[in-house]
>>> print(open('target.tsv').read())   # TSV, C-alpha atoms
chain	number	residue	atom	x	y	z
J	1	MET	CA	-62.91	-18.23	-88.85
J	2	LEU	CA	-62.30	-18.53	-92.60
J	3	PRO	CA	-63.61	-21.57	-94.50
J	4	ASP	CA	-60.83	-23.93	-95.61
J	5	ILE	CA	-61.48	-23.70	-99.35
J	6	VAL	CA	-58.92	-24.63	-102.01
J	7	ILE	CA	-58.99	-24.11	-105.77
J	8	ARG	CA	-56.52	-24.62	-108.58
J	9	PRO	CA	-53.68	-22.15	-107.79
J	10	ILE	CA	-53.42	-19.03	-109.90
J	11	PHE	CA	-50.27	-16.88	-110.00
J	12	LEU	CA	-50.61	-13.11	-109.81
J	13	PRO	CA	-48.09	-11.72	-112.36
J	14	ASN	CA	-48.26	-8.17	-110.99
J	15	TYR	CA	-46.77	-9.40	-107.72
J	16	THR	CA	-44.34	-11.92	-109.22
J	17	ASN	CA	-40.77	-11.05	-110.21
J	18	LEU	CA	-38.37	-13.73	-111.44
J	19	GLN	CA	-36.15	-11.58	-113.69
J	20	VAL	CA	-33.16	-10.19	-111.77
J	21	ALA	CA	-29.67	-9.07	-112.87
J	22	LYS	CA	-26.97	-8.29	-110.30
J	23	HIS	CA	-23.21	-8.20	-109.80
J	24	GLN	CA	-21.22	-10.56	-107.61
J	25	THR	CA	-21.43	-10.05	-103.81
J	26	GLU	CA	-24.74	-8.17	-104.19
J	27	THR	CA	-28.14	-9.42	-103.01
J	28	ALA	CA	-30.91	-10.62	-105.32
J	29	THR	CA	-34.60	-10.89	-104.45
J	30	LEU	CA	-37.09	-13.07	-106.33
J	31	GLU	CA	-40.76	-13.26	-105.42
J	32	CYS	CA	-43.96	-15.01	-106.39
J	33	GLU	CA	-47.58	-14.56	-105.33
J	34	ALA	CA	-50.42	-16.99	-105.93
J	35	PHE	CA	-54.11	-17.33	-105.08
J	36	GLY	CA	-55.76	-20.62	-104.21
J	37	GLY	CA	-56.18	-21.32	-100.50
J	38	LEU	CA	-55.19	-20.62	-96.94
J	39	PRO	CA	-51.49	-21.03	-96.03
J	40	TYR	CA	-51.90	-24.48	-94.45
J	41	GLU	CA	-50.13	-27.77	-95.23
J	42	ASN	CA	-53.04	-28.93	-97.38
J	43	GLY	CA	-53.92	-25.41	-98.43
J	44	LEU	CA	-51.78	-23.15	-100.63
J	45	LYS	CA	-48.06	-23.99	-100.74
J	46	ILE	CA	-45.54	-22.07	-102.88
J	47	GLN	CA	-41.95	-23.20	-103.54
J	48	PHE	CA	-39.03	-21.99	-105.66
J	49	ILE	CA	-37.40	-24.34	-108.15
J	50	ARG	CA	-34.29	-23.87	-110.25
J	51	GLY	CA	-32.50	-25.60	-113.10
J	52	ILE	CA	-32.32	-25.90	-116.87
J	53	GLY	CA	-35.60	-27.83	-116.79
J	54	VAL	CA	-37.40	-24.55	-116.13
J	55	VAL	CA	-36.77	-23.80	-119.80
J	56	HIS	CA	-36.82	-27.29	-121.26
J	57	ARG	CA	-39.55	-29.01	-119.31
J	58	GLY	CA	-40.34	-32.41	-120.78
J	59	ARG	CA	-36.96	-32.78	-122.51
J	60	ALA	CA	-34.14	-35.10	-121.51
J	61	TRP	CA	-31.66	-32.50	-120.25
J	62	ALA	CA	-28.86	-33.48	-117.89
J	63	ARG	CA	-29.35	-32.45	-114.29
J	64	ARG	CA	-26.99	-29.77	-113.06
J	65	SER	CA	-25.18	-30.08	-109.74
J	66	TYR	CA	-25.72	-27.64	-106.91
J	67	ASP	CA	-24.53	-27.06	-103.37
J	68	SER	CA	-26.38	-29.59	-101.23
J	69	SER	CA	-27.14	-26.87	-98.71
J	70	GLN	CA	-29.33	-25.18	-101.33
J	71	VAL	CA	-31.28	-28.18	-102.58
J	72	ASP	CA	-33.62	-30.59	-100.86
J	73	GLU	CA	-32.68	-33.88	-102.52
J	74	SER	CA	-35.80	-35.61	-101.16
J	75	GLU	CA	-38.21	-33.41	-103.10
J	76	PHE	CA	-38.60	-33.01	-106.83
J	77	PRO	CA	-41.30	-31.82	-109.17
J	78	THR	CA	-43.34	-34.60	-110.68
J	79	GLY	CA	-43.30	-36.11	-114.16
J	80	ASP	CA	-40.59	-35.43	-116.73
J	81	TYR	CA	-39.25	-32.46	-114.73
J	82	LYS	CA	-37.63	-34.67	-112.09
J	83	ASN	CA	-34.07	-34.67	-113.41
J	84	GLN	CA	-33.99	-31.08	-114.66
J	85	MET	CA	-35.24	-28.98	-111.74
J	86	ASN	CA	-34.66	-28.91	-107.98
J	87	PHE	CA	-36.51	-27.31	-105.11
J	88	VAL	CA	-34.67	-24.53	-103.29
J	89	ARG	CA	-34.64	-24.42	-99.51
J	90	ASP	CA	-33.21	-22.21	-96.79
J	91	SER	CA	-29.43	-22.09	-96.35
J	92	ASP	CA	-26.80	-19.62	-95.20
J	93	ARG	CA	-27.22	-17.46	-98.32
J	94	TYR	CA	-30.68	-18.56	-99.46
J	95	LYS	CA	-33.44	-17.12	-97.28
J	96	ILE	CA	-37.09	-17.92	-98.02
J	97	LYS	CA	-39.86	-15.84	-96.44
J	98	HIS	CA	-43.62	-16.43	-96.62
J	99	PHE	CA	-46.28	-13.73	-96.35
J	100	VAL	CA	-50.07	-13.77	-96.42
J	101	ASP	CA	-51.74	-11.00	-98.41
J	102	ARG	CA	-53.53	-8.85	-95.84
J	103	ARG	CA	-56.10	-7.85	-98.44
J	104	GLN	CA	-56.80	-11.43	-99.54
J	105	PRO	CA	-56.19	-14.28	-97.04
J	106	TYR	CA	-56.44	-16.89	-99.82
J	107	ALA	CA	-53.37	-15.39	-101.51
J	108	SER	CA	-49.78	-15.86	-100.34
J	109	ARG	CA	-46.46	-14.41	-101.36
J	110	VAL	CA	-43.05	-16.11	-101.08
J	111	VAL	CA	-39.75	-14.21	-101.31
J	112	LEU	CA	-36.32	-15.73	-102.04
J	113	GLU	CA	-33.39	-13.55	-100.96
J	114	ILE	CA	-29.93	-14.64	-102.12
J	115	THR	CA	-27.07	-12.81	-100.45
J	116	ASP	CA	-23.39	-12.51	-101.43
J	117	LEU	CA	-24.08	-13.59	-105.01
J	118	THR	CA	-21.60	-15.87	-106.77
J	119	THR	CA	-21.33	-17.07	-110.35
J	120	ASP	CA	-22.93	-20.39	-109.35
J	121	ASP	CA	-26.19	-18.57	-108.65
J	122	ASN	CA	-26.67	-17.97	-112.38
J	123	ASP	CA	-29.64	-20.12	-113.25
J	124	TYR	CA	-33.25	-20.34	-114.32
J	125	TYR	CA	-35.83	-20.00	-111.57
J	126	ALA	CA	-39.55	-20.72	-111.34
J	127	CYS	CA	-42.28	-21.04	-108.71
J	128	GLN	CA	-44.51	-24.04	-108.08
J	129	ALA	CA	-47.83	-23.63	-106.27
J	130	THR	CA	-49.88	-26.58	-104.97
J	131	THR	CA	-53.25	-26.77	-103.23
J	132	GLY	CA	-55.08	-29.61	-101.54
J	133	GLY	CA	-51.81	-31.41	-100.80
J	134	ASN	CA	-50.74	-32.19	-104.36
J	135	LEU	CA	-54.25	-32.21	-105.77
J	136	TRP	CA	-53.60	-29.18	-107.99
J	137	THR	CA	-50.24	-27.89	-109.22
J	138	ASN	CA	-49.25	-24.84	-111.22
J	139	ILE	CA	-45.79	-23.64	-112.29
J	140	TYR	CA	-44.88	-20.08	-113.20
J	141	PRO	CA	-43.74	-19.15	-115.81
J	142	GLN	CA	-45.64	-21.73	-117.81
J	143	ALA	CA	-43.98	-23.77	-120.55
J	144	GLY	CA	-43.46	-21.67	-123.66
J	145	LYS	CA	-43.25	-18.41	-121.72
J	146	PRO	CA	-39.98	-16.52	-121.08
J	147	PRO	CA	-38.33	-18.25	-118.11
J	148	GLY	CA	-37.41	-16.63	-114.84
J	149	GLN	CA	-33.67	-16.03	-114.65
J	150	LEU	CA	-31.15	-14.73	-112.16
J	151	ILE	CA	-28.16	-13.21	-113.94
J	152	VAL	CA	-24.97	-12.59	-112.00
J	153	TYR	CA	-22.50	-10.57	-114.07
J	154	PHE	CA	-18.94	-11.89	-114.39
J	155	LYS	CA	-16.27	-12.12	-117.03
J	156	PRO	CA	-16.14	-15.29	-119.15
J	157	LYS	CA	-14.49	-18.48	-117.97
J	158	VAL	CA	-13.49	-20.56	-121.00
J	159	GLU	CA	-13.03	-24.32	-121.09
J	160	ALA	CA	-11.83	-26.49	-123.96
J	161	LYS	CA	-9.90	-29.66	-124.66
J	162	SER	CA	-6.21	-28.85	-124.78
J	163	LEU	CA	-5.55	-31.39	-127.55
J	164	VAL	CA	-7.74	-32.38	-130.49
J	165	TYR	CA	-6.82	-34.83	-133.25
J	166	GLY	CA	-8.03	-34.79	-136.83
J	167	LEU	CA	-7.41	-36.25	-140.28
J	168	HIS	CA	-6.13	-34.36	-143.28
J	169	TYR	CA	-9.05	-35.44	-145.49
J	170	GLN	CA	-11.93	-34.71	-143.05
J	171	ASP	CA	-13.45	-31.60	-141.48
J	172	THR	CA	-12.94	-31.43	-137.71
J	173	ASN	CA	-14.89	-29.53	-135.05
J	174	ILE	CA	-13.05	-27.75	-132.22
J	175	THR	CA	-15.33	-26.69	-129.37
J	176	CYS	CA	-14.93	-24.06	-126.65
J	177	MET	CA	-17.42	-23.43	-123.84
J	178	ALA	CA	-17.76	-20.36	-121.63
J	179	LEU	CA	-19.69	-19.30	-118.58
J	180	GLY	CA	-20.12	-15.55	-118.32
J	181	GLN	CA	-22.76	-12.85	-118.07
J	182	PRO	CA	-23.67	-10.96	-120.13
J	183	LEU	CA	-23.28	-13.75	-122.67
J	184	PRO	CA	-19.94	-13.26	-124.43
J	185	GLU	CA	-19.00	-12.75	-128.04
J	186	TRP	CA	-16.53	-15.20	-129.59
J	187	THR	CA	-13.42	-14.77	-131.73
J	188	TRP	CA	-11.01	-17.39	-133.08
J	189	ALA	CA	-7.39	-16.98	-134.16
J	190	TYR	CA	-4.77	-19.18	-135.81
J	191	LYS	CA	-1.09	-18.30	-136.22
J	192	GLY	CA	-1.76	-14.67	-135.32
J	193	ARG	CA	-4.58	-14.36	-137.85
J	194	GLN	CA	-8.18	-13.84	-136.76
J	195	ILE	CA	-10.67	-16.19	-138.33
J	196	GLY	CA	-13.74	-14.37	-139.60
J	197	SER	CA	-17.27	-15.14	-138.45
J	198	GLY	CA	-19.38	-17.29	-140.71
J	199	ARG	CA	-17.53	-18.93	-143.60
J	200	ASP	CA	-14.28	-17.15	-144.39
J	201	SER	CA	-11.91	-17.31	-147.36
J	202	LEU	CA	-10.24	-20.51	-146.10
J	203	ASN	CA	-13.55	-22.33	-145.57
J	204	TYR	CA	-13.51	-22.15	-141.78
J	205	THR	CA	-17.01	-22.11	-140.28
J	206	ILE	CA	-17.95	-20.87	-136.79
J	207	TYR	CA	-21.15	-21.92	-135.03
J	208	ASN	CA	-22.18	-20.11	-131.83
J	209	SER	CA	-25.01	-21.08	-129.50
J	210	ASP	CA	-26.12	-20.67	-125.89
J	211	ASP	CA	-28.81	-21.82	-123.48
J	212	GLY	CA	-28.92	-18.54	-121.58
J	213	THR	CA	-26.24	-19.52	-119.07
J	214	THR	CA	-23.61	-21.42	-121.07
J	215	SER	CA	-22.16	-20.16	-124.36
J	216	ILE	CA	-20.61	-22.55	-126.88
J	217	SER	CA	-18.53	-21.81	-129.97
J	218	VAL	CA	-17.61	-24.49	-132.51
J	219	LEU	CA	-14.90	-23.92	-135.10
J	220	GLN	CA	-15.17	-26.29	-138.04
J	221	VAL	CA	-11.66	-26.75	-139.40
J	222	PRO	CA	-11.76	-27.71	-143.08
J	223	ALA	CA	-9.95	-30.64	-144.58
J	224	HIS	CA	-6.25	-29.96	-145.15
J	225	GLN	CA	-5.65	-27.11	-147.61
J	226	TRP	CA	-2.71	-27.57	-149.98
J	227	MET	CA	-1.85	-23.87	-149.69
J	228	PHE	CA	-2.48	-23.58	-145.95
J	229	ASP	CA	-1.61	-25.95	-143.11
J	230	VAL	CA	-4.62	-26.31	-140.80
J	231	PHE	CA	-2.75	-28.23	-138.09
J	232	GLY	CA	-1.47	-26.06	-135.25
J	233	ASP	CA	-2.60	-24.12	-132.18
J	234	TYR	CA	-5.99	-22.39	-132.23
J	235	ILE	CA	-7.09	-19.73	-129.74
J	236	CYS	CA	-10.73	-19.18	-128.81
J	237	GLU	CA	-11.62	-16.01	-126.90
J	238	ALA	CA	-14.90	-15.06	-125.23
J	239	ARG	CA	-15.41	-11.41	-124.34
J	240	ASN	CA	-18.11	-9.41	-122.57
J	241	LYS	CA	-18.21	-5.97	-120.93
J	242	LEU	CA	-16.50	-7.27	-117.77
J	243	GLY	CA	-13.50	-8.88	-119.45
J	244	GLU	CA	-12.42	-11.82	-121.53
J	245	GLY	CA	-11.29	-15.41	-121.22
J	246	SER	CA	-9.47	-17.64	-123.68
J	247	ALA	CA	-8.21	-21.16	-124.27
J	248	VAL	CA	-5.58	-22.68	-126.55
J	249	VAL	CA	-6.43	-25.87	-128.41
J	250	ALA	CA	-3.65	-27.84	-130.07
J	251	PHE	CA	-4.96	-29.39	-133.29
J	252	ARG	CA	-2.79	-32.32	-134.36
J	253	LEU	CA	-2.78	-34.79	-137.21
J	254	ALA	CA	-3.81	-38.23	-135.98
J	255	ASN	CA	-1.58	-41.20	-136.74
J	256	HIS	CA	-2.27	-44.91	-136.92
J	257	PRO	CA	-1.99	-46.81	-133.62
J	258	LYS	CA	1.20	-48.54	-132.55
J	259	LYS	CA	1.67	-52.28	-132.23
J	260	PRO	CA	-0.85	-54.14	-130.05
J	261	ARG	CA	0.35	-56.24	-127.12
J	262	VAL	CA	0.07	-59.97	-127.79
J	263	THR	CA	0.97	-62.64	-125.22
J	264	LYS	CA	0.31	-66.31	-124.59
J	265	CYS	CA	-1.95	-66.93	-121.63
J	266	MET	CA	-4.12	-69.44	-119.80
J	267	VAL	CA	-7.76	-68.47	-119.27
J	268	SER	CA	-10.36	-69.98	-116.97
J	269	LEU	CA	-13.86	-69.08	-118.08
J	270	GLY	CA	-16.61	-68.55	-115.50
J	271	ILE	CA	-19.83	-70.54	-115.35
J	272	SER	CA	-21.80	-67.66	-116.88
J	273	LEU	CA	-20.04	-68.13	-120.22
J	274	ASN	CA	-22.20	-69.08	-123.18
J	275	PRO	CA	-19.69	-70.45	-125.74
J	276	SER	CA	-22.24	-70.47	-128.55
J	277	ARG	CA	-22.42	-66.68	-128.40
J	278	ALA	CA	-19.08	-65.70	-126.89
J	279	PHE	CA	-16.87	-67.25	-129.56
J	280	LYS	CA	-16.57	-66.50	-133.24
J	281	SER	CA	-15.06	-69.01	-135.64
J	282	PHE	CA	-12.09	-68.08	-137.82
J	283	PRO	CA	-10.02	-69.98	-140.42
J	284	LEU	CA	-8.10	-73.12	-139.38
J	285	GLY	CA	-10.82	-73.87	-136.84
J	286	PHE	CA	-9.55	-71.56	-134.08
J	287	LEU	CA	-11.87	-69.32	-132.08
J	288	VAL	CA	-11.77	-65.70	-130.97
J	289	TYR	CA	-13.39	-65.06	-127.60
J	290	PHE	CA	-15.37	-61.83	-127.19
J	291	PRO	CA	-15.92	-61.24	-123.45
J	292	LYS	CA	-19.44	-60.28	-122.47
J	293	ARG	CA	-20.82	-58.64	-119.37
J	294	GLY	CA	-21.10	-61.21	-116.59
J	295	ASP	CA	-18.24	-63.43	-117.81
J	296	HIS	CA	-15.65	-64.05	-115.10
J	297	LEU	CA	-12.10	-64.31	-116.45
J	298	ILE	CA	-9.06	-65.56	-114.56
J	299	GLN	CA	-5.97	-64.94	-116.65
J	300	LYS	CA	-2.54	-66.53	-116.09
J	301	ARG	CA	0.36	-65.54	-118.33
J	302	PHE	CA	3.18	-67.92	-119.13
J	303	THR	CA	6.08	-68.29	-121.55
J	304	ASP	CA	6.64	-72.06	-121.51
J	305	HIS	CA	5.25	-74.58	-123.95
J	306	LEU	CA	1.49	-74.48	-124.35
J	307	GLN	CA	-0.32	-77.02	-122.22
J	308	GLY	CA	-4.03	-77.52	-121.66
J	309	PRO	CA	-6.58	-74.93	-122.82
J	310	SER	CA	-4.38	-72.10	-124.10
J	311	TYR	CA	-5.00	-68.72	-125.70
J	312	LEU	CA	-3.44	-65.65	-127.20
J	313	CYS	CA	-4.33	-62.49	-125.29
J	314	LEU	CA	-4.58	-59.22	-127.23
J	315	GLU	CA	-4.54	-55.76	-125.66
J	316	PRO	CA	-4.62	-52.31	-127.31
J	317	PRO	CA	-1.34	-50.40	-127.72
J	318	ASP	CA	-0.34	-47.74	-125.22
J	319	ASP	CA	-0.14	-45.17	-128.05
J	320	ASN	CA	-3.30	-45.13	-130.16
J	321	GLY	CA	-2.14	-42.26	-132.39
J	322	GLY	CA	-4.91	-39.91	-131.30
J	323	PHE	CA	-8.05	-41.89	-132.10
J	324	PRO	CA	-9.31	-44.87	-130.08
J	325	VAL	CA	-8.60	-48.36	-131.37
J	326	THR	CA	-11.80	-49.80	-132.83
J	327	SER	CA	-10.70	-53.22	-134.07
J	328	TYR	CA	-7.82	-55.59	-134.75
J	329	GLN	CA	-6.57	-57.03	-138.01
J	330	MET	CA	-5.17	-60.53	-137.95
J	331	ARG	CA	-3.24	-62.44	-140.59
J	332	PHE	CA	-1.54	-65.82	-140.25
J	333	ARG	CA	0.51	-68.44	-142.04
J	334	THR	CA	1.27	-72.07	-141.25
J	335	ASP	CA	4.47	-72.17	-143.29
J	336	LYS	CA	7.17	-69.51	-143.10
J	337	ASN	CA	7.94	-70.10	-146.76
J	338	ASN	CA	4.45	-68.93	-147.72
J	339	GLY	CA	2.85	-65.51	-147.51
J	340	PHE	CA	0.35	-64.38	-144.93
J	341	SER	CA	-3.38	-64.82	-145.34
J	342	ILE	CA	-5.77	-62.02	-146.13
J	343	PRO	CA	-6.48	-59.82	-143.07
J	344	TYR	CA	-9.37	-60.73	-140.81
J	345	GLN	CA	-10.89	-57.91	-138.80
J	346	TYR	CA	-12.86	-58.05	-135.56
J	347	PRO	CA	-13.99	-55.35	-133.11
J	348	LEU	CA	-12.30	-54.26	-129.93
J	349	THR	CA	-14.36	-55.06	-126.84
J	350	GLY	CA	-12.42	-52.82	-124.46
J	351	ILE	CA	-10.77	-55.67	-122.55
J	352	PRO	CA	-8.29	-58.30	-123.81
J	353	GLN	CA	-9.47	-60.63	-126.57
J	354	PHE	CA	-8.66	-64.31	-126.26
J	355	ILE	CA	-7.84	-66.50	-129.24
J	356	ASP	CA	-8.33	-70.22	-128.62
J	357	LEU	CA	-5.23	-72.18	-129.69
J	358	SER	CA	-6.67	-75.67	-129.31
J	359	PHE	CA	-6.66	-76.00	-133.09
J	360	LEU	CA	-2.86	-76.46	-132.92
J	361	ASN	CA	-3.46	-80.06	-131.90
J	362	LYS	CA	-5.55	-80.65	-135.01
J	363	GLY	CA	-2.96	-80.80	-137.73
J	364	HIS	CA	-1.45	-77.32	-137.37
J	365	PRO	CA	1.58	-77.67	-135.06
J	366	HIS	CA	2.95	-74.23	-135.96
J	367	VAL	CA	1.30	-70.92	-136.85
J	368	GLN	CA	2.76	-67.44	-137.16
J	369	PHE	CA	0.34	-64.61	-136.42
J	370	ALA	CA	0.51	-60.94	-137.42
J	371	PHE	CA	-1.74	-58.61	-135.43
J	372	SER	CA	-2.30	-54.89	-136.00
J	373	ALA	CA	-4.53	-52.34	-134.28
J	374	VAL	CA	-6.99	-50.28	-136.34
J	375	SER	CA	-8.46	-46.83	-135.68
J	376	LYS	CA	-10.14	-44.17	-137.80
J	377	ALA	CA	-6.64	-43.11	-138.87
J	378	GLY	CA	-5.80	-46.52	-140.32
J	379	SER	CA	-4.06	-49.78	-139.48
J	380	GLY	CA	-0.80	-49.74	-137.53
J	381	PRO	CA	2.32	-51.93	-137.69
J	382	ASN	CA	2.16	-55.65	-136.97
J	383	THR	CA	3.03	-57.55	-133.84
J	384	TYR	CA	4.32	-61.00	-134.82
J	385	ILE	CA	4.08	-64.05	-132.61
J	386	ASP	CA	4.97	-67.69	-133.31
J	387	VAL	CA	2.86	-70.37	-131.67
J	388	SER	CA	3.68	-74.08	-131.69
J	389	THR	CA	2.74	-77.14	-129.67
J	390	PRO	CA	5.36	-79.11	-127.71
J	391	PRO	CA	6.57	-82.28	-129.45
J	392	LYS	CA	4.95	-85.54	-128.38
J	393	PRO	CA	7.12	-87.79	-126.15
J	394	ASP	CA	7.42	-90.55	-128.79
J	395	ALA	CA	8.53	-88.00	-131.38
J	396	GLN	CA	11.49	-87.00	-129.21
J	397	GLU	CA	12.92	-90.51	-129.03
>>> encode(input="target.tsv", output="structure tokens")
Amino acid sequence: MLPDIVIRPIFLPNYTNLQVAKHQTETATLECEAFGGLPYENGLKIQFIRGIGVVHRGRAWARRSYDSSQVDESEFPTGDYKNQMNFVRDSDRYKIKHFVDRRQPYASRVVLEITDLTTDDNDYYACQATTGGNLWTNIYPQAGKPPGQLIVYFKPKVEAKSLVYGLHYQDTNITCMALGQPLPEWTWAYKGRQIGSGRDSLNYTIYNSDDGTTSISVLQVPAHQWMFDVFGDYICEARNKLGEGSAVVAFRLANHPKKPRVTKCMVSLGISLNPSRAFKSFPLGFLVYFPKRGDHLIQKRFTDHLQGPSYLCLEPPDDNGGFPVTSYQMRFRTDKNNGFSIPYQYPLTGIPQFIDLSFLNKGHPHVQFAFSAVSKAGSGPNTYIDVSTPPKPDAQE
């Protein structure tokens, strides 16, 4: 009968192998061995973990998605690792086997066998050993050491936005991403001409990077050249020894947004509204309502004379010209014989803005508004709308 003794787990590097490279449909074997206790529940326990957090432990990296059959969602490493690494468990293709070292009963070995390899198996892998329940924990490889990695060879798969907008006076980045092993090399082409690496004669710049599994190439397109039109179709190609993949990105000149939609409407504001913060005063005493989270809005459109609490409702145009609408410009005049006021600008909240028209009963029976939508590309054409109050009954007699 062996005494149930536990110590801080220690990995045995000579019997640990977490660096494997294979082709698709083959079988990969990863293994770890640690010393620290008997193979009981509260003794020595060894588990495999996988994910980008194996490399970037302690950093805020997005969690990758995996087949639920391969991951136990109820268990995660502790601390900052939680959202970057996942424990691996048995599944149809993932087989985990445990062995006790016959020469040393306080040492155990765990083997992960992955059959019928696919490209999704490309990832970083590590082992976690615990003793005394969770009293002591050790992870191999340790932070700062080369990570364990399973490489499954396959030709690159390239992804990119099919359409990118830019401005003639600003540099623009076009990005392509590829999955492929070995990590691919990148080339860019425009109008049948290959763009050189680094900074070439036309001031293009290419930046390449990777995290060991995903390769990214960024082409910085310079501001418009008078002797060379930079707007057109760009091709990015990733190539490794197994093949190549490519994507076409249409680079287009952004335009100003079209006319915004402006209508008259009735609005009922929910009880959560705080008028002192939700409204902003503008000239003539009218108010612009900026909806906030928690406000309940019931909107009724109408085309008759304005009656009761009435508003103008503004919505972004269907065609924003390539860049999102960031604000509106508003001008107005109370007399058609006079010019419009200076433009007043206010931000887009993402849902219709509401302009309070109650000021029309305060000495301004008629106002003509001119609204335009604004993006990084500039201000678009105006939408004009005339607003007037109905005549009083005694004025009609």
>>> residues_near_point(input="target.tsv", point="(-50.5, -19.8, -112.4)", cutoff="9 Å", atoms="all atoms listed in the file", output="ChimeraX atom specification")
/J:8-13,34-35,128-129,137-142
>>> atom_distance(input="target.tsv", atom1="atom CA of Leu219 of chain J", atom2="atom CA of Ile52 of chain J")
25.3 Å
>>> closest_residue(input="target.tsv", among="J:Met177, J:Ile114, J:Leu253, J:Val230", to="Asp90 of chain J", atoms="all atoms listed in the file")
J:Ile114
>>> residues_around(input="target.tsv", residues="segment 167-170 of chain J", least_positions_apart="2", cutoff="9 Å", atoms="only C-alpha atoms", output="ChimeraX atom specification")
/J:165,172,221-225,230-231,252-255,376-377
